[in-house]
$ cat protein_37.cif   # mmCIF, C-alpha atoms
data_coords
loop_
_atom_site.label_atom_id
_atom_site.label_comp_id
_atom_site.auth_asym_id
_atom_site.auth_seq_id
_atom_site.Cartn_x
_atom_site.Cartn_y
_atom_site.Cartn_z
CA MET A 1189 -13.80 -10.15 -4.48
CA ASN A 1190 -15.90 -8.47 -7.14
CA ARG A 1191 -14.68 -5.64 -9.33
CA GLN A 1192 -16.44 -2.90 -7.39
CA ASN A 1193 -15.05 -4.05 -4.04
CA MET A 1194 -11.58 -4.27 -5.56
CA ASN A 1195 -11.86 -0.71 -6.90
CA THR A 1196 -12.98 0.56 -3.49
CA LEU A 1197 -10.15 -1.23 -1.72
CA ILE A 1198 -7.56 0.19 -4.10
CA LYS A 1199 -8.99 3.68 -3.65
CA ASP A 1200 -8.91 3.41 0.15
CA GLU A 1201 -5.40 2.00 0.27
CA TYR A 1202 -4.12 4.61 -2.14
CA ALA A 1203 -5.66 7.36 0.02
CA PHE A 1204 -3.86 5.88 3.05
CA PHE A 1205 -0.60 5.79 1.08
CA LEU A 1206 -1.00 9.48 0.22
CA ARG A 1207 -1.73 10.37 3.84
CA GLU A 1208 1.63 8.79 4.70
CA ARG A 1209 3.43 10.97 2.18
CA ASN A 1210 5.77 12.55 4.72
CA ASN A 1211 7.20 9.10 5.36
CA TRP A 1212 8.13 8.33 1.76
CA SER A 1213 8.50 11.58 -0.15
CA LEU A 1214 11.98 12.97 -0.79
CA THR A 1215 10.43 16.42 -0.99
CA VAL A 1216 10.14 16.49 2.80
CA GLY A 1217 13.67 15.28 3.61
CA PRO A 1218 16.05 12.32 3.42
CA GLN A 1219 14.41 8.93 2.97
CA ASP A 1220 15.09 5.24 2.61
CA LEU A 1221 15.40 5.01 -1.18
CA GLU A 1222 14.09 1.49 -1.42
CA LEU A 1223 10.86 2.74 0.11
CA VAL A 1224 10.89 5.76 -2.20
CA ALA A 1225 11.20 3.48 -5.23
CA HIS A 1226 8.31 1.34 -3.98
CA ALA A 1227 6.25 4.52 -3.61
CA LEU A 1228 7.12 5.77 -7.09
CA ARG A 1229 6.00 2.46 -8.50
CA VAL A 1230 2.61 2.91 -6.84
CA LEU A 1231 2.31 6.34 -8.46
CA LEU A 1232 3.20 4.89 -11.84
CA HIS A 1233 0.67 2.12 -11.65
CA ALA A 1234 -2.01 4.36 -10.19
CA ARG A 1235 -1.29 6.65 -13.17
CA THR A 1236 -0.63 9.68 -10.99
CA THR A 1237 3.07 10.22 -11.80
CA PRO A 1238 2.54 13.59 -13.55
CA ASP A 1239 1.39 15.07 -10.22
CA PHE A 1240 4.70 14.18 -8.56
CA LEU A 1241 7.43 15.77 -10.67
CA ASP A 1242 9.09 17.24 -7.57
CA ASP A 1243 9.58 13.76 -6.15
CA TYR A 1244 11.38 12.74 -9.32
CA ARG A 1245 13.53 15.85 -9.27
CA ALA A 1246 14.44 15.09 -5.67
CA LEU A 1247 15.44 11.59 -6.72
CA VAL A 1248 17.76 13.08 -9.32
CA ALA A 1249 19.18 15.44 -6.70
CA CYS A 1250 20.32 12.54 -4.51
CA GLN A 1251 21.92 10.54 -7.34
CA ASN A 1252 25.60 9.99 -6.63
CA GLU A 1253 28.41 11.15 -8.91
CA ASP A 1254 28.96 7.64 -10.25
CA GLY A 1255 25.34 7.51 -11.43
CA GLY A 1256 24.07 5.20 -8.71
CA TRP A 1257 22.09 5.74 -5.50
CA SER A 1258 22.66 4.79 -1.87
CA PRO A 1259 20.22 2.92 0.36
CA LEU A 1260 19.72 6.16 2.29
CA SER A 1261 19.24 9.29 0.20
CA SER A 1262 21.64 11.25 2.40
CA ASP A 1263 24.52 8.77 1.89
CA THR A 1264 27.02 8.90 -0.96
CA GLU A 1265 28.12 5.31 -1.58
CA SER A 1266 26.17 3.67 -4.39
CA THR A 1267 24.87 0.12 -4.22
CA VAL A 1268 23.48 -1.88 -7.12
CA TRP A 1269 20.11 -3.07 -5.86
CA VAL A 1270 18.68 0.27 -4.87
CA SER A 1271 20.29 1.98 -7.86
CA ALA A 1272 18.48 -0.36 -10.22
CA PHE A 1273 15.18 0.19 -8.48
CA CYS A 1274 15.62 3.99 -8.59
CA GLY A 1275 16.84 3.96 -12.19
CA LEU A 1276 13.90 1.84 -13.22
CA MET A 1277 11.36 4.17 -11.64
CA LEU A 1278 13.14 7.17 -13.12
CA ILE A 1279 13.12 5.95 -16.72
CA ARG A 1280 9.53 4.80 -16.45
CA GLY A 1281 8.47 8.04 -14.80
CA ASN A 1282 10.27 10.11 -17.40
CA ARG A 1283 8.30 8.46 -20.17
CA LEU A 1284 5.40 10.51 -18.77
CA LEU A 1285 7.27 13.53 -17.43
CA ARG A 1286 9.67 14.14 -20.35
CA HIS A 1287 12.09 16.21 -18.29
CA ALA A 1288 15.65 16.92 -19.51
CA GLN A 1289 17.12 16.59 -16.03
CA LEU A 1290 15.57 13.15 -15.66
CA THR A 1291 16.79 12.06 -19.08
CA GLN A 1292 20.34 12.95 -18.14
CA SER A 1293 19.99 11.15 -14.82
CA VAL A 1294 18.83 7.97 -16.58
CA GLN A 1295 21.89 8.10 -18.82
CA GLN A 1296 24.14 8.42 -15.77
CA ALA A 1297 22.41 5.42 -14.26
CA ILE A 1298 23.12 3.46 -17.44
CA ASP A 1299 26.79 4.41 -17.08
CA TYR A 1300 26.75 3.18 -13.48
CA PHE A 1301 25.43 -0.26 -14.42
CA LEU A 1302 27.81 -0.63 -17.34
CA ASP A 1303 30.69 0.24 -15.01
CA THR A 1304 29.71 -2.16 -12.21
CA GLN A 1305 28.92 -5.38 -14.07
CA HIS A 1306 31.32 -8.25 -13.39
CA GLN A 1307 33.00 -10.22 -16.13
CA ASP A 1308 30.68 -13.23 -15.81
CA GLY A 1309 27.58 -11.08 -16.24
CA ARG A 1310 26.56 -10.68 -12.62
CA TRP A 1311 26.12 -7.57 -10.51
CA VAL A 1312 27.02 -7.69 -6.82
CA ASP A 1313 25.50 -5.98 -3.79
CA PRO A 1314 26.59 -7.03 -0.29
CA ALA A 1315 23.02 -6.83 0.98
CA TRP A 1316 21.47 -9.21 -1.55
CA ALA A 1317 22.12 -12.52 -3.29
CA ASP A 1318 24.01 -12.15 -6.57
CA LEU A 1319 21.26 -13.73 -8.66
CA ASP A 1320 18.64 -11.50 -7.12
CA THR A 1321 20.87 -8.45 -7.47
CA THR A 1322 21.58 -9.23 -11.12
CA SER A 1323 17.88 -9.43 -11.94
CA HIS A 1324 17.44 -5.73 -11.18
CA PRO A 1325 19.93 -4.11 -13.59
CA VAL A 1326 18.73 -6.63 -16.18
CA SER A 1327 15.19 -5.44 -15.53
CA PHE A 1328 16.35 -1.83 -15.79
CA PHE A 1329 18.02 -2.58 -19.11
CA ASN A 1330 14.86 -4.36 -20.30
CA VAL A 1331 13.00 -1.10 -19.89
CA VAL A 1332 15.87 0.97 -21.29
CA MET A 1333 15.64 -1.08 -24.47
CA ALA A 1334 11.84 -1.25 -24.52
CA LEU A 1335 11.60 2.53 -24.35
CA GLY A 1336 14.17 3.05 -27.08
CA GLU A 1337 16.84 4.82 -25.02
CA THR A 1338 19.89 5.16 -27.28
CA HIS A 1339 22.63 6.07 -24.77
CA ARG A 1340 25.48 3.52 -25.20
CA GLN A 1341 22.93 1.26 -26.86
CA GLN A 1342 25.25 -1.52 -28.03
CA GLU A 1343 27.00 -1.76 -24.68
CA VAL A 1344 23.65 -1.92 -22.93
CA ARG A 1345 22.50 -4.77 -25.15
CA HIS A 1346 25.72 -6.68 -24.54
CA ALA A 1347 25.56 -6.17 -20.76
CA TRP A 1348 21.90 -7.16 -20.73
CA GLN A 1349 22.61 -10.36 -22.64
CA GLN A 1350 25.47 -11.22 -20.30
CA GLY A 1351 23.22 -10.66 -17.29
CA MET A 1352 20.45 -12.79 -18.78
CA ARG A 1353 22.92 -15.55 -19.54
CA PHE A 1354 24.25 -15.49 -15.97
CA ILE A 1355 20.70 -15.95 -14.68
CA ILE A 1356 19.69 -18.69 -17.10
CA ASP A 1357 22.91 -20.62 -16.60
CA ASN A 1358 22.32 -20.66 -12.84
CA GLN A 1359 18.82 -22.10 -12.91
CA SER A 1360 18.56 -25.36 -11.03
CA PRO A 1361 17.30 -28.39 -13.01
CA ASP A 1362 14.11 -28.37 -10.90
CA GLY A 1363 13.21 -24.90 -12.27
CA GLY A 1364 14.05 -22.84 -9.19
CA TRP A 1365 16.93 -20.48 -8.42
CA TYR A 1366 18.61 -20.83 -5.05
CA ASP A 1367 21.22 -19.10 -2.97
CA ASP A 1368 22.51 -21.12 -0.04
CA GLU A 1369 23.40 -18.06 1.95
CA PHE A 1370 20.52 -15.69 1.33
CA HIS A 1371 17.59 -17.72 0.06
CA PRO A 1372 17.86 -21.47 0.48
CA SER A 1373 14.11 -21.86 -0.17
CA GLY A 1374 14.50 -20.20 -3.56
CA VAL A 1375 11.02 -18.67 -3.50
CA GLU A 1376 11.78 -14.96 -3.62
CA ILE A 1377 14.68 -15.26 -6.07
CA THR A 1378 12.68 -17.41 -8.46
CA ALA A 1379 9.74 -15.00 -8.35
CA HIS A 1380 12.00 -12.01 -8.97
CA LEU A 1381 13.98 -13.61 -11.77
CA ILE A 1382 11.12 -14.77 -13.92
CA GLN A 1383 9.16 -11.52 -13.66
CA ASP A 1384 11.90 -8.92 -13.38
CA ALA A 1385 14.53 -10.26 -15.66
CA LEU A 1386 13.65 -13.02 -18.00
CA VAL A 1387 10.14 -12.70 -19.27
CA ALA A 1388 10.70 -9.27 -20.84
CA ASP A 1389 12.84 -10.95 -23.46
CA LEU A 1390 9.71 -12.63 -24.79
CA VAL A 1391 8.01 -9.24 -25.14
CA LEU A 1392 11.05 -7.58 -26.65
CA ASP A 1393 12.89 -9.46 -29.33
CA GLN A 1394 13.64 -12.93 -27.95
CA GLN A 1395 17.38 -12.46 -28.23
CA VAL A 1396 18.39 -14.91 -25.56
CA SER A 1397 17.73 -18.59 -26.03
CA GLY A 1398 16.04 -20.67 -23.35
CA VAL A 1399 14.01 -17.87 -21.74
CA ARG A 1400 10.57 -19.34 -22.41
CA GLU A 1401 11.56 -22.70 -20.98
CA ALA A 1402 13.28 -21.11 -17.98
CA CYS A 1403 10.21 -19.01 -17.17
CA ALA A 1404 7.81 -21.91 -17.57
CA LYS A 1405 9.88 -24.13 -15.30
CA GLY A 1406 10.29 -21.35 -12.75
CA ALA A 1407 6.55 -20.65 -12.73
CA ALA A 1408 5.79 -24.35 -12.26
CA ARG A 1409 8.22 -24.47 -9.35
CA LEU A 1410 6.57 -21.45 -7.72
CA CYS A 1411 3.19 -23.19 -7.93
CA ASP A 1412 4.62 -26.30 -6.29
CA TRP A 1413 5.92 -24.20 -3.40
CA GLN A 1414 2.60 -22.53 -2.57
CA ALA A 1415 1.05 -23.53 0.75
CA GLN A 1416 -2.49 -24.90 0.74
CA ALA A 1417 -3.85 -21.65 2.19
CA GLY A 1418 -2.27 -19.59 -0.60
CA SER A 1419 0.90 -18.11 0.93
CA TRP A 1420 4.57 -18.71 0.18
CA ASP A 1421 7.59 -19.03 2.48
CA GLU A 1422 5.73 -19.70 5.70
CA GLU A 1423 3.21 -16.87 5.46
CA ASN A 1424 5.70 -14.29 4.26
CA VAL A 1425 3.57 -11.43 2.93
CA ASP A 1426 6.39 -9.94 0.84
CA HIS A 1427 7.22 -13.21 -0.86
CA THR A 1428 3.54 -14.07 -1.37
CA MET A 1429 3.02 -10.74 -3.12
CA ASP A 1430 6.17 -11.35 -5.21
CA CYS A 1431 4.98 -14.79 -6.29
CA THR A 1432 1.42 -13.69 -7.04
CA ARG A 1433 2.58 -10.76 -9.18
CA SER A 1434 5.21 -12.82 -10.90
CA LEU A 1435 2.79 -15.56 -11.86
CA MET A 1436 0.28 -13.03 -13.19
CA LEU A 1437 2.80 -11.61 -15.65
CA VAL A 1438 4.61 -14.76 -16.62
CA THR A 1439 1.57 -16.97 -17.12
CA HIS A 1440 -0.18 -14.21 -19.06
CA ILE A 1441 2.73 -13.95 -21.47
CA LEU A 1442 3.11 -17.72 -21.71
CA GLN A 1443 -0.68 -18.01 -22.13
CA ASP A 1444 -0.81 -20.59 -19.38
CA SER A 1445 -4.28 -20.29 -17.85
CA HIS A 1446 -3.87 -23.37 -15.66
CA LYS A 1447 -2.12 -21.36 -12.98
CA ARG A 1448 -5.00 -18.96 -12.47
CA GLU A 1449 -6.19 -20.90 -9.44
CA THR A 1450 -2.77 -20.48 -7.80
CA ILE A 1451 -2.86 -16.75 -8.45
CA VAL A 1452 -6.37 -16.33 -7.06
CA ARG A 1453 -5.44 -18.34 -3.97
CA GLY A 1454 -2.39 -16.13 -3.46
CA LEU A 1455 -4.44 -12.96 -3.81
CA SER A 1456 -7.14 -14.24 -1.44
CA TRP A 1457 -4.51 -14.98 1.19
CA ILE A 1458 -3.06 -11.48 0.76
CA LEU A 1459 -6.51 -9.93 1.22
CA ASP A 1460 -7.30 -12.12 4.22
CA ASN A 1461 -4.09 -11.06 5.90
CA LYS A 1462 -4.14 -7.33 5.44
CA ASN A 1463 -4.42 -4.94 8.36
CA ASP A 1464 -7.16 -2.34 8.63
CA ARG A 1465 -4.85 -0.12 6.61
CA GLY A 1466 -1.93 -1.56 4.70
CA TRP A 1467 0.06 -4.74 5.24
CA GLY A 1468 2.81 -5.97 7.55
CA ASP A 1469 5.63 -8.38 6.74
CA PHE A 1470 3.80 -11.32 8.32
CA PRO A 1471 0.19 -11.78 9.47
CA GLY A 1472 -0.41 -9.93 12.71
CA MET A 1473 2.54 -7.58 12.33
CA GLU A 1474 2.19 -3.82 12.22
CA THR A 1475 1.65 -2.10 8.88
CA ASN A 1476 4.76 -0.94 7.09
CA LEU A 1477 4.77 1.32 4.09
CA GLU A 1478 7.00 -0.77 1.86
CA ARG A 1479 4.71 -3.78 2.17
CA THR A 1480 1.70 -1.53 1.71
CA CYS A 1481 3.17 -0.26 -1.56
CA ASP A 1482 3.66 -3.88 -2.63
CA GLY A 1483 0.08 -4.61 -1.64
CA ILE A 1484 -1.37 -1.75 -3.66
CA ASP A 1485 0.82 -2.75 -6.59
CA THR A 1486 -0.46 -6.32 -6.34
CA LEU A 1487 -4.08 -5.14 -6.38
CA LEU A 1488 -3.49 -2.85 -9.36
CA LYS A 1489 -1.80 -5.65 -11.25
CA TYR A 1490 -4.54 -8.09 -10.39
CA GLN A 1491 -7.08 -5.58 -11.65
CA ALA A 1492 -5.24 -5.42 -14.99
CA TYR A 1493 -4.76 -9.19 -15.04
CA SER A 1494 -8.48 -9.76 -14.54
CA ASN A 1495 -9.82 -7.09 -16.84
CA SER A 1496 -7.34 -6.49 -19.61
CA GLY A 1497 -5.40 -8.04 -22.42
CA THR A 1498 -1.72 -8.96 -22.33
CA HIS A 1499 -0.67 -5.55 -23.58
CA GLU A 1500 -2.10 -3.77 -20.52
CA VAL A 1501 -0.63 -6.32 -18.13
CA VAL A 1502 2.84 -6.06 -19.62
CA LYS A 1503 2.67 -2.27 -19.54
CA LEU A 1504 2.44 -2.44 -15.77
CA TRP A 1505 5.90 -3.93 -15.68
CA GLY A 1506 7.21 -1.28 -18.07
CA TYR A 1507 8.16 -3.69 -20.83
CA LEU A 1508 5.86 -1.95 -23.31
CA PRO A 1509 5.63 1.81 -23.70
CA MET B 422 32.05 15.67 39.28
CA PRO B 423 30.95 13.17 36.62
CA SER B 424 31.56 9.51 37.34
CA HIS B 425 33.31 7.37 34.71
CA ALA B 426 32.38 4.10 36.37
CA PRO B 427 30.41 1.77 34.07
CA ALA B 428 26.70 1.88 34.64
CA LYS B 429 25.46 -1.03 36.68
CA SER B 430 23.56 -3.60 34.65
CA VAL B 431 19.87 -3.69 35.34
CA TRP B 432 18.63 -7.23 34.96
CA GLN B 433 14.99 -7.73 34.20
CA ALA B 434 13.01 -10.96 34.22
CA VAL B 435 11.46 -11.79 30.86
CA CYS B 436 10.17 -15.35 31.20
CA GLN B 437 10.52 -18.64 33.00
CA VAL B 438 13.12 -21.11 31.71
CA ASP B 439 10.50 -23.80 31.28
CA GLU B 440 8.67 -21.54 28.84
CA LEU B 441 11.68 -21.83 26.56
CA PRO B 442 12.74 -25.47 26.21
CA PRO B 443 15.55 -26.46 23.80
CA GLY B 444 14.57 -25.85 20.18
CA GLU B 445 11.96 -23.25 21.12
CA ARG B 446 11.80 -19.49 20.70
CA LYS B 447 9.84 -16.71 22.33
CA LEU B 448 9.18 -13.06 21.59
CA VAL B 449 9.22 -10.65 24.54
CA THR B 450 9.00 -6.88 24.79
CA LEU B 451 11.11 -4.97 27.27
CA ASN B 452 10.93 -1.20 27.62
CA GLY B 453 9.30 -1.09 24.20
CA VAL B 454 12.05 -3.16 22.56
CA GLU B 455 11.06 -6.41 20.83
CA ILE B 456 13.52 -9.15 21.75
CA ALA B 457 13.64 -12.63 20.23
CA LEU B 458 14.75 -15.38 22.64
CA PHE B 459 16.09 -18.68 21.32
CA ASN B 460 17.06 -21.86 23.13
CA ILE B 461 19.55 -23.74 20.99
CA ASP B 462 20.63 -27.03 22.54
CA GLY B 463 20.11 -25.65 26.05
CA ALA B 464 21.84 -22.32 25.51
CA VAL B 465 19.58 -19.26 25.61
CA PHE B 466 20.23 -16.26 23.35
CA ALA B 467 18.57 -12.85 23.08
CA ILE B 468 18.67 -10.67 19.97
CA ASN B 469 16.76 -7.59 18.85
CA ASN B 470 13.81 -8.93 16.91
CA ARG B 471 14.12 -6.50 14.01
CA CYS B 472 16.71 -7.26 11.34
CA PRO B 473 18.82 -4.15 10.70
CA HIS B 474 18.36 -4.67 6.96
CA ARG B 475 14.60 -4.20 6.38
CA LYS B 476 13.26 -4.78 9.91
CA GLY B 477 12.25 -8.39 9.24
CA PRO B 478 11.16 -10.32 12.36
CA LEU B 479 14.04 -12.54 13.44
CA ILE B 480 11.66 -14.49 15.68
CA ARG B 481 10.41 -16.09 12.43
CA GLY B 482 13.94 -16.72 11.18
CA TYR B 483 15.89 -19.92 10.65
CA THR B 484 18.38 -21.02 13.31
CA ASP B 485 21.40 -23.21 12.71
CA ARG B 486 23.54 -25.45 14.89
CA GLU B 487 26.41 -22.96 14.78
CA GLY B 488 24.36 -20.45 16.77
CA GLY B 489 23.17 -18.36 13.87
CA ILE B 490 19.81 -16.87 12.96
CA LYS B 491 18.83 -16.06 9.40
CA CYS B 492 16.21 -13.38 8.72
CA PRO B 493 13.12 -14.74 6.95
CA MET B 494 12.87 -11.70 4.69
CA HIS B 495 16.15 -11.57 2.78
CA GLY B 496 18.40 -14.12 4.45
CA TRP B 497 20.84 -12.00 6.43
CA ARG B 498 22.50 -14.26 8.99
CA PHE B 499 23.57 -13.10 12.45
CA ASP B 500 25.61 -14.76 15.19
CA LEU B 501 23.24 -15.02 18.13
CA ARG B 502 26.10 -14.50 20.60
CA THR B 503 27.55 -11.34 19.09
CA GLY B 504 25.09 -10.07 16.50
CA GLN B 505 27.89 -10.10 13.93
CA SER B 506 27.10 -10.66 10.29
CA ARG B 507 28.88 -10.79 6.95
CA ARG B 508 26.30 -8.27 5.73
CA PRO B 509 26.59 -4.47 5.97
CA ALA B 510 25.00 -4.16 9.45
CA GLN B 511 25.06 -6.05 12.73
CA ALA B 512 22.19 -7.00 15.01
CA THR B 513 21.95 -6.03 18.67
CA THR B 514 22.25 -8.90 21.12
CA TYR B 515 21.60 -8.84 24.86
CA ARG B 516 23.27 -10.49 27.82
CA ILE B 517 21.26 -13.23 29.48
CA LYS B 518 21.40 -14.77 32.91
CA ILE B 519 19.24 -17.45 34.38
CA GLU B 520 18.43 -17.18 38.05
CA ALA B 521 16.14 -19.43 40.02
CA GLY B 522 14.43 -20.70 36.86
CA THR B 523 13.92 -17.20 35.45
CA VAL B 524 15.45 -15.83 32.26
CA CYS B 525 16.75 -12.30 32.87
CA LEU B 526 18.33 -9.91 30.44
CA THR B 527 19.79 -6.45 30.41
CA LEU B 528 19.31 -3.92 27.64
#

$ encode --input "protein_37.cif" --output "structure tokens"
Amino acid sequence: MNRQNMNTLIKDEYAFFLRERNNWSLTVGPQDLELVAHALRVLLHARTTPDFLDDYRALVACQNEDGGWSPLSSDTESTVWVSAFCGLMLIRGNRLLRHAQLTQSVQQAIDYFLDTQHQDGRWVDPAWADLDTTSHPVSFFNVVMALGETHRQQEVRHAWQQGMRFIIDNQSPDGGWYDDEFHPSGVEITAHLIQDALVADLVLDQQVSGVREACAKGAARLCDWQAQAGSWDEENVDHTMDCTRSLMLVTHILQDSHKRETIVRGLSWILDNKNDRGWGDFPGMETNLERTCDGIDTLLKYQAYSNSGTHEVVKLWGYLP
Amino acid sequence: MPSHAPAKSVWQAVCQVDELPPGERKLVTLNGVEIALFNIDGAVFAINNRCPHRKGPLIRGYTDREGGIKCPMHGWRFDLRTGQSRRPAQATTYRIKIEAGTVCLTL
């Protein structure tokens, strides 16, 4: 797909996403916060965050007393996965919005993650595998450190290092990360871990040993797992988007151009299997907004990957201001 | 005066048994509800196709010999007989009966 067609597609999909606003915006009522976080990420990467301050204020309004968030905005029991996703969007959004209420909310989120980490470095959420769950607070802390947030700075660094160590120590010798109960295939966890947790260390200050090797092995494993047609995990759209995005970031930072063909094949499969508007979880399934947000995010990242230097690519993950 | 007697089950035919041999699966829609049918070693099970976690399609999930189905999206496992799970939500399962070579279920 040429640059002009890609721009047109992004514009059309973004317009569709905006038309669906009542289904993802907290300003109209309670929402599924995982979907909200996906939507906020689209706004960030489409560079439209400043137009959506009310959505951010609504996210602050549904933060729980312990500093976390619940899967549903109207609930009150915090869980780690969604809290990390919300916290991450909040700190990244506030870099543009500079709002005191948001700053305070970010600090409460930091408190939540410091309070919920287990002794061995992991975070736990009953809905997700521990390795996958742990990658999200680590990713949040990556951005906390990258943006120079000073709240409980030393404790954050320590917790981040512990989380990183837990992830690296649990990598399989073949380069993948597995969870027998949640993700025996290892695809989604491996994609999440190398892009969300580990690779930021290379952009920041390379505090944790073994990250470069772990990322390179993980990326190689992801390439091995790709199907001939370009998908991952038996035509799973979500996991194919995860792998494609992950490889874009990781191989860019590692300056490994050999995996470009894998990335292009993944993107082509994603484009071939989109619906008229948006994406479903598998080819032929109805469009859902969460997958559509992932799809738009993938296109925006591919655009940066194709046109820009490393700095611009890394900025899309929040690891550079 | 309201009756407290349990409502009578309404059985509806969804497919022929020979369309669902052991090891196979089939997606059917009944009254607008997507239902995933599985034949595991000759026993037929029916479960709501949408995982209660993120609505992943269980029809594309991974079955096991213990009568479980694992969602292809994020790995939540459900007992095909009861819908029970170790995760925060359960799946809806449906009673099945086979009559004259036809698989019937009740919502």

$ closest_atom_pairs --input "protein_37.cif" --of "chain A" --to "chain B" --cutoff "6 Å" --atoms "all atoms listed in the file" --output "Markdown table"
| residue | atom | partner | partner_atom | distance |
| --- | --- | --- | --- | --- |
| A:Ala1315 | CA | B:Arg508 | CA | 5.9 |
| A:Phe1370 | CA | B:Gly496 | CA | 4.1 |
| A:His1371 | CA | B:Gly496 | CA | 5.7 |

$ closest_atom_pairs --input "protein_37.cif" --of "stretch 1299-1410 of chain A" --to "stretch 1417-1436 of chain A" --cutoff "6 Å" --atoms "all atoms listed in the file" --output "JSON lines"
{"residue": "A:Glu1376", "atom": "CA", "partner": "A:His1427", "partner_atom": "CA", "distance": 5.6}
{"residue": "A:Ala1379", "atom": "CA", "partner": "A:Cys1431", "partner_atom": "CA", "distance": 5.2}
{"residue": "A:Gln1383", "atom": "CA", "partner": "A:Ser1434", "partner_atom": "CA", "distance": 5.0}

$ atom_distance --input "protein_37.cif" --atom1 "atom CA of A:Gly1466" --atom2 "atom CA of A:Glu1201"
6.7 Å

$ resolve_selection --input "protein_37.cif" --expression "the PyMOL selection byres ((chain B and resi 465) around 9)" --output "PyMOL selection string"
chain B and resi 441+443+458-464+466-467+517-519+524

$ atom_distance --input "protein_37.cif" --atom1 "atom CA of A:His1339" --atom2 "atom CA of A:Asp1313"
24.4 Å

$ atom_distance --input "protein_37.cif" --atom1 "atom CA of A:Leu1508" --atom2 "atom CA of A:Gly1406"
22.5 Å

$ resolve_selection --input "protein_37.cif" --expression "the PyMOL selection byres ((chain A and resi 1331) around 12)" --output "ChimeraX atom specification"
/A:1272-1273,1275-1283,1294,1298,1324-1330,1332-1338,1344-1345,1348,1384-1385,1387-1389,1391-1392,1502-1509

$ closest_residue --input "protein_37.cif" --among "A:Leu1221, A:Asp1242, A:Ala1234, A:Thr1378" --to "A:Leu1260" --atoms "all atoms listed in the file"
A:Leu1221

$ residues_around --input "protein_37.cif" --residues "B:Val454" --least-positions-apart "4" --cutoff "10 Å" --atoms "only C-alpha atoms" --output "PyMOL selection string"
chain B and resi 449-450+469-471+528

$ residues_near_point --input "protein_37.cif" --point "(26.0, 4.3, -10.9)" --cutoff "10 Å" --atoms "all atoms listed in the file" --output "VMD selection string"
chain A and resid 1251 to 1258 1265 to 1268 1271 to 1272 1275 1293 to 1304

$ decode --input "protein_37.cif" --residues "stretch 471-489 of chain B" --atoms "C-alpha atoms" --output "compact mmCIF listing (two decimals), in the first residue's frame"
# COMPACT_ATOMS: atom_id res chain seq x y z
CA ARG B 471 -18.73 -15.49 23.31
CA CYS B 472 -16.19 -15.65 26.12
CA PRO B 473 -17.41 -13.53 29.05
CA HIS B 474 -13.96 -11.95 29.28
CA ARG B 475 -13.56 -10.03 25.98
CA LYS B 476 -16.16 -11.80 23.82
CA GLY B 477 -13.62 -14.03 22.08
CA PRO B 478 -15.16 -16.76 19.88
CA LEU B 479 -15.00 -20.04 21.80
CA ILE B 480 -15.74 -21.92 18.56
CA ARG B 481 -12.10 -21.18 17.67
CA GLY B 482 -10.85 -22.24 21.10
CA TYR B 483 -8.77 -25.19 22.22
CA THR B 484 -10.54 -28.22 23.72
CA ASP B 485 -8.98 -30.69 26.13
CA ARG B 486 -9.71 -34.27 27.10
CA GLU B 487 -11.08 -33.18 30.46
CA GLY B 488 -14.02 -31.46 28.76
CA GLY B 489 -12.64 -27.96 28.80
